[in-house]
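Scroll down for the structure; my scribbles are underneath it.
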Amino acid sequence: MSLPHPPATVTVFAGASSWIESDAVAQCHQVAALDGMRHVAAMPDLHPGKGAPIGAAMASSVLYPFLVGSDIGCGIAVFPIRVKRPDPQRLAARFPDLDAPLDPAPASDLVGEDIPGGYVESLGTVGRGNHFVELARVDAVLDESHAERLGLAAGDLVLVVHSGSRGFGERILRGHTEVHGAGPAPDAAAYLARHDDAVRWGSVNRRLLAARVADALGAPVGEPIVDQCHNLVEIRDGEFLHRKGAAPGDGRDVLIAGTRGTHSYLVAAHAGPDANFSVAHGAGRKMSRADALRRGKAKHTVEELRRTPLGSVVVCGDRQLLFEEAPTAYKRIEQVIADLVDHELATPVATTAPLVTYKVADSAPPRRR
DNA sequence: ATGTAC
């Protein structure tokens, strides 16, 4: 007979004017019912995921690998970069193919360290889904002194890299689920050892992606000023804090991604225990990929999605992905940020405006399906 | 979000 324990609490950090899909809230309550779960904090970019919600931080005495998912170590990094003539059309044509493997894989030279887990497949590649590499310009500076501490001023250019651990994290999750399904990790330390490698791998991958792009643009690139992982397990106060699409918000600076065609927000995060020390990671989908594809095809042309209202260029040789990732498939980033501010989870520091967003090489052959 | 299967 198991000991009775109080049911887990669920808190959604979104205002009444923010629409949150009921399926996603239902997923939060399913997670709350899991053995050992204590508190689920849902961020304003919450949306339904495969089995578990995306945009949530979940604190439990039991470690559940499926709550983090396969893209362990996924995160967003921001690198200062200097580009001489930042013309979007000209630069878009110079982006390298970030699906192609590193050639000849001088990865450890580029990042000055060994490759975590020894997994070299897919190293330096961006992946699909919501991943991207974006050349952006610092637009509005909303907290002058904080921006200055980060070395940022209006007009500066940055590379924003959103990517994760590719097939490495997928392999780690599969190793667990093949035996235990959605059940807990019986040996948390063993899972965490592999997980930690994937988290490091993701960060190395983001640096490699920045280096590849900077090299192709002939531009000097610096160390990341921000690099926060939004899919991971953290041991905190003797519990397992699972973050899935929820960035660490305890005194960290975080880039919260808008969409391919809207601004992103660099924020100073100061989330407390109610929010499981977390903030949002992006605008959050408001449409499923299937809906976005169907409705997008009726509403948009390829040309308007490739040249956005902000004047930026979207490099995306995969037409389906272009529609799935259309800005209209996402919530308004301004509302997500307003919810974080209203709940005192974050303070905006600066906005960035995209110049070139790279998703998939234009020369890429269409994906078979 | 992913590699792989259909």
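Residues are named by chain letter and number: chains run A, B, ... in the order of the structure tokens, numbers start at 1 in each chain, and ligands are numbered from 1 in the order shown.
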Pick out the residues sitting within 6 Å of region 139-141 of chain A, and hand them over as a PyMOL selection string; count only C-alpha atoms (C1' of nucleotides), and ignore anything fewer than 4 positions along from it in its own chain. chain A and resi 154+350-352
Excluding region 240-242 of chain A and any residue of its chain fewer than 3 positions from it, enumerate the residues within 7 Å of it, using only C-alpha atoms (C1' of nucleotides), and give them as a PyMOL selection string. chain A and resi 57-63+67-68+232-236
I'd like to know which residues of region 90-149 of chain A are helix (DSSP H, G or I) (by DSSP, run on the backbone); could you write them as number ranges by chain? A: 90-92, 107-111, 116-118, 144-149
Between CA of Leu123 (chain A) and CA of Leu91 (chain A), what is the spacing in Å? 23.2 Å
Would you tabulate, counting only C-alpha atoms (C1' of nucleotides), all residues of chain A that have an atom at most 9 Å from an atom of chain B, showing the closest pair of atoms and their distance in Å to one decimal, sorted by chain then ascending number, as CSV?
```
residue,atom,partner,partner_atom,distance
A:Gly69,CA,B:DA1,C1',8.9
A:Ser70,CA,B:DA1,C1',7.2
A:Asp71,CA,B:DA1,C1',6.4
A:Gly127,CA,B:DA1,C1',7.9
A:Arg128,CA,B:DA1,C1',6.8
A:Gly129,CA,B:DA1,C1',5.8
A:Asn130,CA,B:DA1,C1',8.1
A:His131,CA,B:DA1,C1',8.7
A:Arg166,CA,B:DT2,C1',6.9
A:Gly167,CA,B:DT2,C1',6.5
A:Glu170,CA,B:DT2,C1',6.5
A:Arg369,CA,B:DC6,C1',8.6
```
